[in-house]
>>> print(open('work.cif').read())   # mmCIF, C-alpha atoms
data_input
loop_
_atom_site.label_atom_id
_atom_site.label_comp_id
_atom_site.auth_asym_id
_atom_site.auth_seq_id
_atom_site.Cartn_x
_atom_site.Cartn_y
_atom_site.Cartn_z
CA MET A 1 158.31 174.24 97.41
CA GLY A 2 157.85 170.57 96.50
CA GLU A 3 159.68 169.05 93.55
CA SER A 4 156.33 168.31 91.90
CA GLU A 5 155.43 171.99 91.84
CA LYS A 6 156.45 173.84 88.73
CA ARG A 7 158.97 176.59 89.25
CA VAL A 8 158.27 179.96 87.55
CA THR A 9 161.62 180.99 86.19
CA PRO A 10 162.68 184.47 85.06
CA ASP A 11 162.51 183.19 81.49
CA ASP A 12 158.89 182.13 82.07
CA ARG A 13 158.06 185.55 83.43
CA LEU A 14 159.75 187.19 80.44
CA THR A 15 157.85 184.96 78.01
CA GLY A 16 154.55 185.79 79.72
CA LEU A 17 155.38 189.48 79.66
CA GLU A 18 156.24 189.31 75.96
CA LYS A 19 152.90 187.60 75.29
CA ARG A 20 151.03 190.31 77.16
CA VAL A 21 152.87 192.97 75.16
CA ASN A 22 152.06 191.15 71.91
CA ASP A 23 148.42 190.88 72.93
CA LEU A 24 148.26 194.58 73.72
CA GLN A 25 149.97 195.37 70.44
CA MET A 26 147.36 193.29 68.61
CA LEU A 27 144.55 195.34 70.13
CA ILE A 28 146.37 198.52 69.15
CA ASP A 29 146.87 197.20 65.61
CA VAL A 30 143.22 196.20 65.40
CA SER A 31 142.22 199.68 66.52
CA ALA A 32 144.36 201.11 63.71
CA ILE A 33 142.76 198.74 61.18
CA ILE A 34 139.31 199.76 62.35
CA SER A 35 140.20 203.43 61.94
CA SER A 36 141.54 202.86 58.43
CA THR A 37 138.47 201.48 56.64
CA LEU A 38 134.69 201.52 56.62
CA ASP A 39 134.51 198.63 54.18
CA LEU A 40 132.93 195.79 56.14
CA ASN A 41 134.47 192.96 54.11
CA GLU A 42 137.95 194.45 54.28
CA LEU A 43 137.57 195.23 57.97
CA THR A 44 136.54 191.75 59.10
CA ALA A 45 139.15 190.03 56.94
CA LEU A 46 142.04 192.19 58.21
CA VAL A 47 141.03 191.94 61.86
CA MET A 48 140.57 188.17 61.83
CA GLU A 49 143.85 187.66 60.01
CA LYS A 50 145.57 189.67 62.75
CA ALA A 51 143.82 187.68 65.51
CA LYS A 52 144.71 184.35 63.88
CA HIS A 53 148.37 185.38 63.64
CA VAL A 54 148.82 186.81 67.14
CA MET A 55 146.84 184.08 68.90
CA ARG A 56 148.71 181.45 66.89
CA ALA A 57 145.56 179.68 65.80
CA ASP A 58 144.92 177.36 62.87
CA ALA A 59 141.66 178.98 61.80
CA CYS A 60 139.16 181.72 62.54
CA SER A 61 135.76 182.81 61.29
CA ILE A 62 133.01 185.38 61.52
CA LEU A 63 129.41 184.39 60.97
CA LEU A 64 126.99 187.27 60.39
CA PHE A 65 123.40 187.06 61.58
CA ASN A 66 120.93 187.44 58.72
CA HIS A 67 117.88 189.06 60.31
CA LYS A 68 115.70 188.15 57.32
CA THR A 69 116.38 184.41 57.47
CA GLY A 70 117.20 184.16 61.17
CA ARG A 71 120.40 182.24 60.37
CA LEU A 72 124.14 182.68 60.78
CA GLU A 73 126.11 182.86 57.52
CA PHE A 74 129.88 182.62 57.10
CA ASP A 75 131.36 186.00 56.17
CA VAL A 76 135.01 185.25 57.00
CA ALA A 77 136.49 181.75 57.21
CA MET A 78 140.29 181.52 57.32
CA GLY A 79 142.30 178.33 57.59
CA SER A 80 145.25 176.66 55.95
CA ASP A 81 143.32 176.20 52.69
CA ALA A 82 141.54 179.23 51.18
CA ARG A 83 139.11 176.90 49.43
CA ASP A 84 137.67 175.83 52.79
CA GLY A 85 136.31 179.32 53.35
CA GLU A 86 134.47 179.31 50.05
CA ILE A 87 132.97 175.90 50.83
CA LEU A 88 131.66 177.11 54.18
CA LYS A 89 130.23 180.31 52.69
CA ARG A 90 128.37 178.37 50.00
CA HIS A 91 127.15 175.35 51.91
CA VAL A 92 126.86 176.05 55.64
CA THR A 93 124.44 178.21 57.62
CA LEU A 94 123.40 177.82 61.24
CA GLY A 95 120.14 178.52 62.99
CA LEU A 96 119.96 180.00 66.46
CA GLY A 97 120.88 177.26 68.92
CA GLU A 98 122.47 175.12 66.20
CA GLY A 99 126.09 174.23 66.85
CA ILE A 100 128.35 176.08 69.26
CA ALA A 101 128.13 179.30 67.24
CA GLY A 102 124.34 179.02 67.16
CA TRP A 103 124.27 178.53 70.94
CA VAL A 104 126.44 181.62 71.43
CA ALA A 105 124.18 183.63 69.13
CA GLU A 106 121.03 182.47 70.91
CA ASN A 107 122.36 183.09 74.42
CA CYS A 108 124.62 186.08 73.65
CA GLU A 109 127.34 184.55 75.82
CA PRO A 110 130.94 183.65 74.95
CA VAL A 111 132.26 180.11 75.34
CA LEU A 112 135.66 178.46 75.56
CA VAL A 113 135.51 174.84 74.46
CA GLU A 114 138.60 172.81 75.34
CA HIS A 115 137.54 169.63 73.51
CA ALA A 116 135.06 170.31 70.72
CA ALA A 117 134.35 166.67 69.90
CA ARG A 118 133.16 166.07 73.48
CA ASP A 119 130.76 169.02 73.44
CA ASP A 120 127.14 168.10 72.70
CA ARG A 121 126.65 171.43 70.91
CA PHE A 122 129.42 170.80 68.39
CA PHE A 123 128.33 170.97 64.73
CA SER A 124 130.54 168.62 62.73
CA ARG A 125 129.27 169.34 59.21
CA ALA A 126 131.80 172.12 58.64
CA ASP A 127 134.65 169.73 59.45
CA ASP A 128 133.09 167.01 57.30
CA LEU A 129 132.93 169.32 54.28
CA THR A 130 136.46 170.73 54.60
CA GLY A 131 138.47 167.94 56.21
CA PHE A 132 139.45 170.30 59.05
CA THR A 133 139.48 168.90 62.61
CA THR A 134 138.22 171.27 65.27
CA LYS A 135 139.89 170.60 68.63
CA SER A 136 139.53 173.67 70.82
CA LEU A 137 137.72 176.90 70.09
CA ILE A 138 136.54 180.21 71.45
CA ALA A 139 133.25 181.67 70.22
CA VAL A 140 132.15 185.21 71.11
CA PRO A 141 128.93 187.04 70.21
CA LEU A 142 129.28 190.27 68.24
CA LEU A 143 126.76 192.62 69.81
CA GLY A 144 125.77 196.09 68.65
CA ARG A 145 123.33 198.65 69.94
CA GLY A 146 120.61 197.01 67.88
CA GLY A 147 121.32 193.48 69.09
CA LEU A 148 123.13 190.51 67.56
CA LEU A 149 125.46 191.18 64.63
CA GLY A 150 127.07 187.76 64.47
CA VAL A 151 129.55 185.38 66.10
CA ALA A 152 133.35 185.33 65.90
CA GLU A 153 135.33 182.12 66.39
CA ILE A 154 138.98 181.23 66.72
CA LEU A 155 140.01 177.58 66.46
CA ASN A 156 142.90 175.29 67.46
CA PRO A 157 145.90 176.97 69.15
CA ARG A 158 149.03 175.70 67.40
CA GLU A 159 151.32 175.25 70.40
CA ARG A 160 148.84 174.04 73.04
CA ASP A 161 146.02 171.55 73.34
CA SER A 162 143.41 174.20 74.12
CA PHE A 163 142.85 177.90 74.57
CA SER A 164 143.10 179.52 78.00
CA GLY A 165 140.97 181.88 80.02
CA HIS A 166 143.37 184.66 79.10
CA ASP A 167 142.83 183.86 75.42
CA LEU A 168 139.09 184.20 75.97
CA GLU A 169 139.51 187.61 77.60
CA LEU A 170 141.76 188.77 74.77
CA PHE A 171 139.41 187.54 72.05
CA GLN A 172 136.45 189.16 73.81
CA ALA A 173 138.29 192.48 73.90
CA LEU A 174 139.01 192.18 70.20
CA CYS A 175 135.40 191.26 69.42
CA ARG A 176 134.09 194.29 71.29
CA GLN A 177 136.17 196.46 68.99
CA VAL A 178 135.05 194.51 65.95
CA ALA A 179 131.36 194.82 66.86
CA VAL A 180 131.59 198.61 67.18
CA ALA A 181 133.47 198.83 63.89
CA MET A 182 131.00 196.52 62.14
CA GLU A 183 128.09 198.62 63.31
CA ASN A 184 129.80 201.77 62.05
CA ALA A 185 130.61 200.10 58.74
CA LEU A 186 127.05 198.86 58.33
CA TYR A 187 125.72 202.34 59.12
CA HIS A 188 128.12 203.80 56.56
CA LYS A 189 127.08 201.17 54.01
CA ASP A 190 123.41 201.95 54.64
CA ALA A 191 124.10 205.68 54.31
CA LEU A 192 125.89 205.12 51.00
CA GLU A 193 123.03 202.93 49.78
CA ARG A 194 120.49 205.59 50.75
CA GLN A 195 122.55 208.19 48.93
CA ARG A 196 122.80 205.95 45.85
CA LEU A 197 119.05 205.36 45.84
CA ARG A 198 118.37 209.06 46.28
CA GLN A 199 120.64 209.92 43.35
CA GLU A 200 119.07 207.17 41.25
CA LEU A 201 115.58 208.47 41.98
CA GLU A 202 116.64 212.03 41.18
CA LEU A 203 118.07 210.83 37.87
CA ALA A 204 114.90 208.85 37.12
CA ALA A 205 112.73 211.88 37.90
CA THR A 206 114.91 214.08 35.67
CA ILE A 207 114.63 211.61 32.79
CA GLN A 208 110.88 211.36 33.28
CA ARG A 209 110.36 215.14 33.37
CA SER A 210 112.51 215.70 30.31
CA PHE A 211 110.20 213.59 28.14
CA LEU A 212 106.88 214.99 29.34
CA PRO A 213 105.21 217.86 27.45
CA ASP A 214 106.61 221.32 28.09
CA THR A 215 103.16 222.55 29.06
CA PRO A 216 100.38 220.65 30.86
CA VAL A 217 97.74 222.04 28.48
CA LYS A 218 97.67 222.03 24.69
CA VAL A 219 94.87 223.29 22.43
CA PHE A 220 94.34 222.03 18.89
CA GLY A 221 91.29 223.67 17.28
CA GLN A 222 88.25 222.57 19.29
CA ILE A 223 90.24 219.95 21.22
CA ARG A 224 91.85 220.79 24.55
CA LEU A 225 94.37 218.29 25.92
CA SER A 226 95.69 218.40 29.49
CA GLY A 227 97.64 216.16 31.79
CA PHE A 228 99.94 215.89 34.77
CA THR A 229 102.00 213.37 36.72
CA LEU A 230 102.52 213.14 40.47
CA PRO A 231 105.68 211.03 40.89
CA ALA A 232 105.80 208.46 43.68
CA ARG A 233 108.76 208.28 46.05
CA HIS A 234 110.02 205.35 43.98
CA VAL A 235 109.73 206.99 40.59
CA GLY A 236 107.94 204.77 38.10
CA GLY A 237 107.55 205.07 34.37
CA ASP A 238 104.31 206.97 33.85
CA LEU A 239 104.18 209.06 30.70
CA TYR A 240 101.85 211.14 28.59
CA ASP A 241 102.15 213.23 25.44
CA PHE A 242 100.23 215.56 23.15
CA VAL A 243 100.77 215.31 19.39
CA GLU A 244 99.33 216.60 16.13
CA PRO A 245 99.89 213.56 13.93
CA LEU A 246 98.27 215.19 10.89
CA PRO A 247 96.86 218.66 10.24
CA GLY A 248 93.41 218.90 11.83
CA MET A 249 94.00 215.99 14.22
CA ALA A 250 94.90 216.00 17.94
CA GLY A 251 96.39 213.01 19.72
CA ILE A 252 96.78 212.22 23.41
CA PHE A 253 98.91 209.35 24.67
CA ILE A 254 99.10 207.94 28.20
CA GLY A 255 101.19 205.01 29.30
CA ASP A 256 102.72 203.19 32.23
CA VAL A 257 105.90 201.17 31.84
CA SER A 258 106.77 198.33 34.17
CA GLY A 259 109.37 198.74 36.86
CA LYS A 260 110.69 201.55 39.01
CA GLY A 261 113.71 203.81 39.16
CA VAL A 262 116.26 204.46 36.44
CA SER A 263 115.48 201.29 34.44
CA ALA A 264 111.81 202.31 34.16
CA ALA A 265 112.73 205.91 33.34
CA LEU A 266 115.10 204.81 30.55
CA PHE A 267 112.47 202.46 29.17
CA MET A 268 109.95 205.30 29.34
CA ALA A 269 112.37 207.52 27.39
CA LYS A 270 112.62 204.88 24.66
CA VAL A 271 108.82 204.55 24.55
CA MET A 272 108.35 208.30 24.17
CA SER A 273 110.96 208.57 21.43
CA ASP A 274 109.52 205.63 19.51
CA PHE A 275 105.95 206.88 19.96
CA ARG A 276 106.69 210.35 18.62
CA TYR A 277 108.37 208.85 15.60
CA GLN A 278 105.58 206.32 14.90
CA ALA A 279 102.71 208.77 15.54
CA HIS A 280 103.83 211.23 12.89
CA GLY A 281 101.88 211.06 9.66
CA THR A 282 99.07 208.63 10.56
CA ALA A 283 95.61 208.93 12.11
CA ASP A 284 95.39 205.19 12.88
CA PRO A 285 96.06 204.66 16.62
CA GLY A 286 96.00 200.88 16.24
CA LEU A 287 98.77 201.04 13.65
CA VAL A 288 100.85 203.29 15.90
CA LEU A 289 100.55 200.88 18.83
CA ARG A 290 101.36 197.92 16.60
CA ARG A 291 104.53 199.61 15.35
CA LEU A 292 105.43 200.69 18.87
CA ASN A 293 104.91 197.14 20.08
CA GLN A 294 107.31 195.88 17.41
CA GLN A 295 109.89 198.49 18.43
CA LEU A 296 109.66 197.37 22.06
CA SER A 297 110.02 193.66 21.30
CA ASP A 298 113.79 193.86 21.84
CA THR A 299 113.51 195.41 25.30
CA PRO A 300 114.86 193.62 28.40
CA ARG A 301 112.78 190.69 29.57
CA GLY A 302 110.02 191.72 31.94
CA MET A 303 109.70 195.29 30.64
CA PHE A 304 106.40 196.20 29.03
CA LEU A 305 104.00 199.10 28.49
CA THR A 306 100.30 199.65 29.04
CA ALA A 307 98.92 202.55 27.03
CA ILE A 308 95.99 204.34 25.41
CA TYR A 309 96.40 206.42 22.28
CA ALA A 310 93.41 208.53 21.22
CA ILE A 311 93.20 210.72 18.11
CA ALA A 312 90.44 213.31 17.71
CA ASP A 313 89.25 215.32 14.73
CA GLN A 314 89.80 218.92 15.80
CA ARG A 315 86.55 220.08 14.20
CA SER A 316 84.03 217.25 14.50
CA GLY A 317 85.05 215.64 17.80
CA ALA A 318 85.23 212.17 16.25
CA VAL A 319 87.71 210.04 18.20
CA ALA A 320 89.58 206.86 17.28
CA LEU A 321 91.54 205.12 20.00
CA ALA A 322 93.50 201.94 20.69
CA VAL A 323 94.43 200.33 23.98
CA ALA A 324 97.39 198.17 25.01
CA GLY A 325 96.46 196.50 28.28
CA HIS A 326 95.58 199.80 29.97
CA PRO A 327 92.78 200.31 32.54
CA PRO A 328 89.35 201.60 31.44
CA PHE A 329 88.72 205.33 31.16
CA LEU A 330 85.85 207.75 31.81
CA HIS A 331 83.61 209.49 29.29
CA ILE A 332 82.13 212.57 30.98
CA THR A 333 79.02 214.11 29.38
CA PRO A 334 76.33 216.51 30.66
CA ALA A 335 74.18 213.41 31.22
CA GLY A 336 76.69 211.70 33.50
CA VAL A 337 79.74 209.45 33.63
CA THR A 338 80.29 206.34 31.50
CA VAL A 339 83.08 203.83 32.07
CA VAL A 340 84.60 202.91 28.71
CA ASN A 341 86.30 199.53 28.56
CA PRO A 342 87.02 199.03 24.86
CA ASP A 343 88.47 196.03 23.08
CA ALA A 344 92.17 196.03 23.84
CA GLY A 345 95.37 194.33 22.91
CA PRO A 346 97.86 193.08 25.52
CA PRO A 347 100.54 195.35 27.00
CA ALA A 348 103.08 196.38 24.38
CA GLY A 349 106.45 194.68 24.33
CA ILE A 350 105.16 191.19 25.16
CA MET A 351 103.95 189.61 21.91
CA ASP A 352 103.37 190.46 18.27
CA THR A 353 99.70 191.37 17.88
CA ASP A 354 97.17 193.82 16.50
CA PHE A 355 95.45 196.52 18.53
CA PRO A 356 91.77 197.04 17.70
CA VAL A 357 90.49 200.56 17.15
CA THR A 358 87.43 201.92 18.97
CA ASP A 359 85.49 204.91 17.60
CA LEU A 360 83.71 207.50 19.74
CA ILE A 361 81.89 210.74 19.01
CA LEU A 362 82.37 213.61 21.43
CA SER A 363 79.70 216.28 21.72
CA PRO A 364 80.61 219.83 22.75
CA GLY A 365 81.56 219.79 26.45
CA ASP A 366 82.34 216.06 26.51
CA ARG A 367 85.55 214.87 28.13
CA LEU A 368 87.59 211.69 28.16
CA ILE A 369 89.59 211.15 31.35
CA MET A 370 92.30 208.50 31.37
CA MET A 371 94.63 207.58 34.21
CA THR A 372 97.33 205.13 35.21
CA ASP A 373 96.81 202.50 37.89
CA GLY A 374 98.55 204.73 40.42
CA ALA A 375 95.10 206.28 40.90
CA PHE A 376 93.27 203.17 41.99
CA ASP A 377 96.11 201.07 43.39
CA ALA A 378 96.81 203.73 46.00
CA LYS A 379 96.80 202.64 49.67
CA ASP A 380 96.23 204.55 52.86
CA GLY A 381 98.38 204.22 55.97
CA GLY A 382 96.40 201.19 57.10
CA GLY A 383 96.89 199.32 53.84
CA LYS A 384 93.37 199.87 52.52
CA ARG A 385 93.37 200.10 48.72
CA LEU A 386 91.52 202.67 46.64
CA CYS A 387 89.71 200.86 43.83
CA PHE A 388 88.53 201.92 40.38
CA ASP A 389 84.89 202.00 41.51
CA ASP A 390 85.84 204.58 44.15
CA ILE A 391 87.23 206.81 41.40
CA VAL A 392 84.10 206.32 39.30
CA SER A 393 81.83 207.20 42.23
CA PHE A 394 83.85 210.32 42.91
CA ALA A 395 83.64 211.32 39.23
CA VAL A 396 79.87 210.80 39.23
CA ARG A 397 79.52 213.10 42.24
CA ASN A 398 81.77 215.76 40.73
CA GLY A 399 81.26 215.27 36.99
CA ARG A 400 80.06 218.82 36.40
CA GLU A 401 83.20 220.35 37.92
CA ASP A 402 85.41 222.02 35.35
CA ARG A 403 88.68 220.88 36.97
CA LEU A 404 87.67 217.27 37.51
CA THR A 405 91.16 215.88 36.87
CA ASP A 406 92.59 218.07 39.65
CA LEU A 407 89.81 216.96 41.96
CA ILE A 408 90.49 213.29 41.22
CA ALA A 409 94.18 213.79 41.97
CA GLY A 410 93.29 215.51 45.23
CA PHE A 411 90.91 212.68 46.10
CA VAL A 412 93.70 210.14 45.64
CA THR A 413 96.32 212.09 47.60
CA ASP A 414 93.85 212.80 50.41
CA PHE A 415 93.14 209.07 50.59
CA THR A 416 96.82 208.08 50.84
CA GLY A 417 97.61 210.86 53.30
CA ALA A 418 101.17 210.61 54.62
CA ALA A 419 101.59 207.05 53.32
CA ASP A 420 104.12 206.55 50.53
CA ARG A 421 102.49 205.99 47.17
CA ALA A 422 103.89 202.91 45.48
CA ASP A 423 103.27 204.19 41.97
CA ASP A 424 103.14 207.41 39.99
CA LEU A 425 99.74 209.02 39.47
CA THR A 426 99.08 210.32 35.96
CA ILE A 427 95.78 211.71 34.66
CA VAL A 428 95.06 213.12 31.19
CA GLU A 429 91.96 214.70 29.71
CA MET A 430 90.69 215.22 26.17
CA ARG A 431 87.95 217.85 25.99
CA TYR A 432 85.92 218.79 22.94
CA GLY A 433 84.46 222.26 22.48
CA ILE A 434 86.69 224.55 24.51
#
>>> encode(input="work.cif", output="structure tokens")
Amino acid sequence: MGESEKRVTPDDRLTGLEKRVNDLQMLIDVSAIISSTLDLNELTALVMEKAKHVMRADACSILLFNHKTGRLEFDVAMGSDARDGEILKRHVTLGLGEGIAGWVAENCEPVLVEHAARDDRFFSRADDLTGFTTKSLIAVPLLGRGGLLGVAEILNPRERDSFSGHDLELFQALCRQVAVAMENALYHKDALERQRLRQELELAATIQRSFLPDTPVKVFGQIRLSGFTLPARHVGGDLYDFVEPLPGMAGIFIGDVSGKGVSAALFMAKVMSDFRYQAHGTADPGLVLRRLNQQLSDTPRGMFLTAIYAIADQRSGAVALAVAGHPPFLHITPAGVTVVNPDAGPPAGIMDTDFPVTDLILSPGDRLIMMTDGAFDAKDGGGKRLCFDDIVSFAVRNGREDRLTDLIAGFVTDFTGAADRADDLTIVEMRYGI
């Protein structure tokens, strides 16, 4: 052996063996970390801290691939200064093919870069923002069953000028474990989110049901009131109510609050409580809506109500009604179907205003049918929308049917088929001369 050749001493062999043992122990420790948590943030932070320590590196990072934006975003960034990580998370994202990490993400191949500054792919902005100097790095794609999850990087070995091929193999082995764990954590997170949404929707539906009338039909003298709601998958804030504001009067109220889920259901509960309080003792629907509007003025920004409140004389069939930004309704008579689009105020909860009153006279057998926009905003599986004119045409063809409201509901649900309805469907009817 020539003098220029380096001798491998027993101490060298022992040092190499110790490193291999430490590397194996790191993979075992990482496996234990992965088994201990399904929290993605905790998982990635613990694993990368372990890798940084065992591989004696100055810094490490994980960039997650955002499938919505098509960019890599820093999730973990560890160096000597904790503030650097926050700077990178706030100010740096990479597109596919941008920088070394972007190249790895685009090509789904690992790289070992001995001299970063000499590499044409190197993205210097991260160093410019933090004052860190990247010398050597390893970047490995994190791949799951569904494709790219992100890219992991480890930077600047402390005791050498650059990383080695063995370091690359070790970091790849670690990243394979991390990718599997990330996928499991993301699946668990999605499952928890689905469970949370399901519980929220169940709560919203319970709140909604608790404020609807106990019975779908109510008779006051010669006035028969009926109604029903078909909740959408994402429960909205449809509502209706039957009241007797004064002896000899019958009132029907239909409304649709903005929003979905629990927030809409809670707003709907407030509307119903306020309406029942304001409706008592007056036969002026415009006054009731004005007072209700004032009550709702302190609601969260963006929450509002569209509504119709109609009051009928139980003996004569005379009707007074007021509208707050709600769609037109149908007046069904033996002669046919009339679309009624009365003077209306804006949706309640937006601005202080009056609500004009419209008077109608119902003859025996006449019906008023009112509905929320879930009826004519419905879409089929191909995205085609059912419009108000479609509902009117259907009512004209079936106006003599006794259970017209049920038929309209069936018409809407047949149109949507298996497609999810985006909004609740609520229909109410006021009939004179039962």
>>> closest_atom_pairs(input="work.cif", of="segment 325-367 of chain A", to="segment 385-401 of chain A", cutoff="7 Å", atoms="all atoms listed in the file", output="Markdown table")
| residue | atom | partner | partner_atom | distance |
| --- | --- | --- | --- | --- |
| A:Ile332 | CA | A:Gly399 | CA | 6.6 |
| A:Gly336 | CA | A:Val396 | CA | 6.6 |
| A:Val337 | CA | A:Val396 | CA | 5.8 |
>>> atom_distance(input="work.cif", atom1="atom CA of Pro213 of chain A", atom2="atom CA of Pro334 of chain A")
29.1 Å
>>> atom_distance(input="work.cif", atom1="atom CA of Thr93 of chain A", atom2="atom CA of Phe74 of chain A")
7.0 Å
>>> resolve_selection(input="work.cif", expression="the PyMOL selection byres ((chain A and resi 262-275) around 8)", output="PyMOL selection string")
chain A and resi 200-201+203-205+207-208+211+235-239+257-261+276-279+288+292+295-296+303
>>> atom_distance(input="work.cif", atom1="atom CA of Gly317 of chain A", atom2="atom CA of Gly281 of chain A")
19.2 Å
>>> resolve_selection(input="work.cif", expression="the PyMOL selection byres ((chain A and resi 107) around 12)", output="PDB file with C-alpha atoms, in the frame of the given file")
ATOM      1  CA  LEU A  96     119.960 180.000  66.460  1.00  0.00           C
ATOM      2  CA  GLY A  97     120.880 177.260  68.920  1.00  0.00           C
ATOM      3  CA  GLU A  98     122.470 175.120  66.200  1.00  0.00           C
ATOM      4  CA  ILE A 100     128.350 176.080  69.260  1.00  0.00           C
ATOM      5  CA  ALA A 101     128.130 179.300  67.240  1.00  0.00           C
ATOM      6  CA  GLY A 102     124.340 179.020  67.160  1.00  0.00           C
ATOM      7  CA  TRP A 103     124.270 178.530  70.940  1.00  0.00           C
ATOM      8  CA  VAL A 104     126.440 181.620  71.430  1.00  0.00           C
ATOM      9  CA  ALA A 105     124.180 183.630  69.130  1.00  0.00           C
ATOM     10  CA  GLU A 106     121.030 182.470  70.910  1.00  0.00           C
ATOM     11  CA  CYS A 108     124.620 186.080  73.650  1.00  0.00           C
ATOM     12  CA  GLU A 109     127.340 184.550  75.820  1.00  0.00           C
ATOM     13  CA  PRO A 110     130.940 183.650  74.950  1.00  0.00           C
ATOM     14  CA  VAL A 111     132.260 180.110  75.340  1.00  0.00           C
ATOM     15  CA  ALA A 139     133.250 181.670  70.220  1.00  0.00           C
ATOM     16  CA  VAL A 140     132.150 185.210  71.110  1.00  0.00           C
ATOM     17  CA  PRO A 141     128.930 187.040  70.210  1.00  0.00           C
ATOM     18  CA  LEU A 142     129.280 190.270  68.240  1.00  0.00           C
ATOM     19  CA  LEU A 143     126.760 192.620  69.810  1.00  0.00           C
ATOM     20  CA  GLY A 147     121.320 193.480  69.090  1.00  0.00           C
ATOM     21  CA  LEU A 148     123.130 190.510  67.560  1.00  0.00           C
ATOM     22  CA  GLY A 150     127.070 187.760  64.470  1.00  0.00           C
ATOM     23  CA  VAL A 151     129.550 185.380  66.100  1.00  0.00           C
TER      24      VAL A 151
END
>>> resolve_selection(input="work.cif", expression="the PyMOL selection byres ((chain A and resi 432) around 9)", output="VMD selection string")
chain A and resid 222 to 225 312 314 to 317 362 to 368 430 to 431 433 to 434
>>> closest_residue(input="work.cif", among="A:Ala378, A:Val319, A:Ala348, A:Leu149", to="Phe415 of chain A", atoms="only C-alpha atoms")
A:Ala378
>>> residues_near_point(input="work.cif", point="(102.8, 194.0, 22.4)", cutoff="12 Å", atoms="only C-alpha atoms", output="JSON, numbers by chain")
{"A": [286, 287, 288, 289, 290, 291, 292, 293, 294, 295, 296, 297, 298, 299, 303, 304, 305, 306, 307, 323, 324, 325, 326, 344, 345, 346, 347, 348, 349, 350, 351, 352, 353, 354, 355]}
>>> closest_residue(input="work.cif", among="A:Ala318, A:Leu137, A:Cys60, A:Leu230", to="Ser164 of chain A", atoms="all atoms listed in the file")
A:Leu137
>>> residues_around(input="work.cif", residues="Pro328 of chain A", least_positions_apart="5", cutoff="10 Å", atoms="all atoms listed in the file", output="list in words")
Ile308, Val323, Val339, Val340, Asn341, Pro342, Ala344, Ile369, Met370, Met371, Thr372, Asp373 and Phe388 of chain A
>>> residues_around(input="work.cif", residues="Arg118 of chain A", least_positions_apart="6", cutoff="12 Å", atoms="only C-alpha atoms", output="list in words")
Ile100, Ser124, Thr134, Lys135 and Ser136 of chain A
>>> closest_residue(input="work.cif", among="A:Ala57, A:Leu168, A:Ile427, A:Ala77", to="Tyr240 of chain A", atoms="all atoms listed in the file")
A:Ile427
>>> decode(input="work.cif", residues="segment 191-209 of chain A", atoms="C-alpha atoms", output="mmCIF file, in the first residue's frame")
data_model
loop_
_atom_site.group_PDB
_atom_site.id
_atom_site.type_symbol
_atom_site.label_atom_id
_atom_site.label_comp_id
_atom_site.auth_asym_id
_atom_site.auth_seq_id
_atom_site.Cartn_x
_atom_site.Cartn_y
_atom_site.Cartn_z
ATOM 1 C CA ALA A 191 -61.672 11.501 9.003
ATOM 2 C CA LEU A 192 -61.844 13.778 12.046
ATOM 3 C CA GLU A 193 -62.938 16.685 9.854
ATOM 4 C CA ARG A 194 -65.657 14.552 8.270
ATOM 5 C CA GLN A 195 -66.807 13.490 11.717
ATOM 6 C CA ARG A 196 -66.825 17.110 12.906
ATOM 7 C CA LEU A 197 -68.846 18.213 9.890
ATOM 8 C CA ARG A 198 -71.280 15.338 10.349
ATOM 9 C CA GLN A 199 -71.798 16.245 14.007
ATOM 10 C CA GLU A 200 -72.181 19.914 13.099
ATOM 11 C CA LEU A 201 -74.811 19.097 10.484
ATOM 12 C CA GLU A 202 -76.663 16.838 12.913
ATOM 13 C CA LEU A 203 -76.666 19.647 15.471
ATOM 14 C CA ALA A 204 -77.856 22.146 12.859
ATOM 15 C CA ALA A 205 -80.656 19.805 11.779
ATOM 16 C CA THR A 206 -81.696 19.277 15.410
ATOM 17 C CA ILE A 207 -81.820 23.032 16.018
ATOM 18 C CA GLN A 208 -83.797 23.551 12.824
ATOM 19 C CA ARG A 209 -86.338 20.821 13.630
#
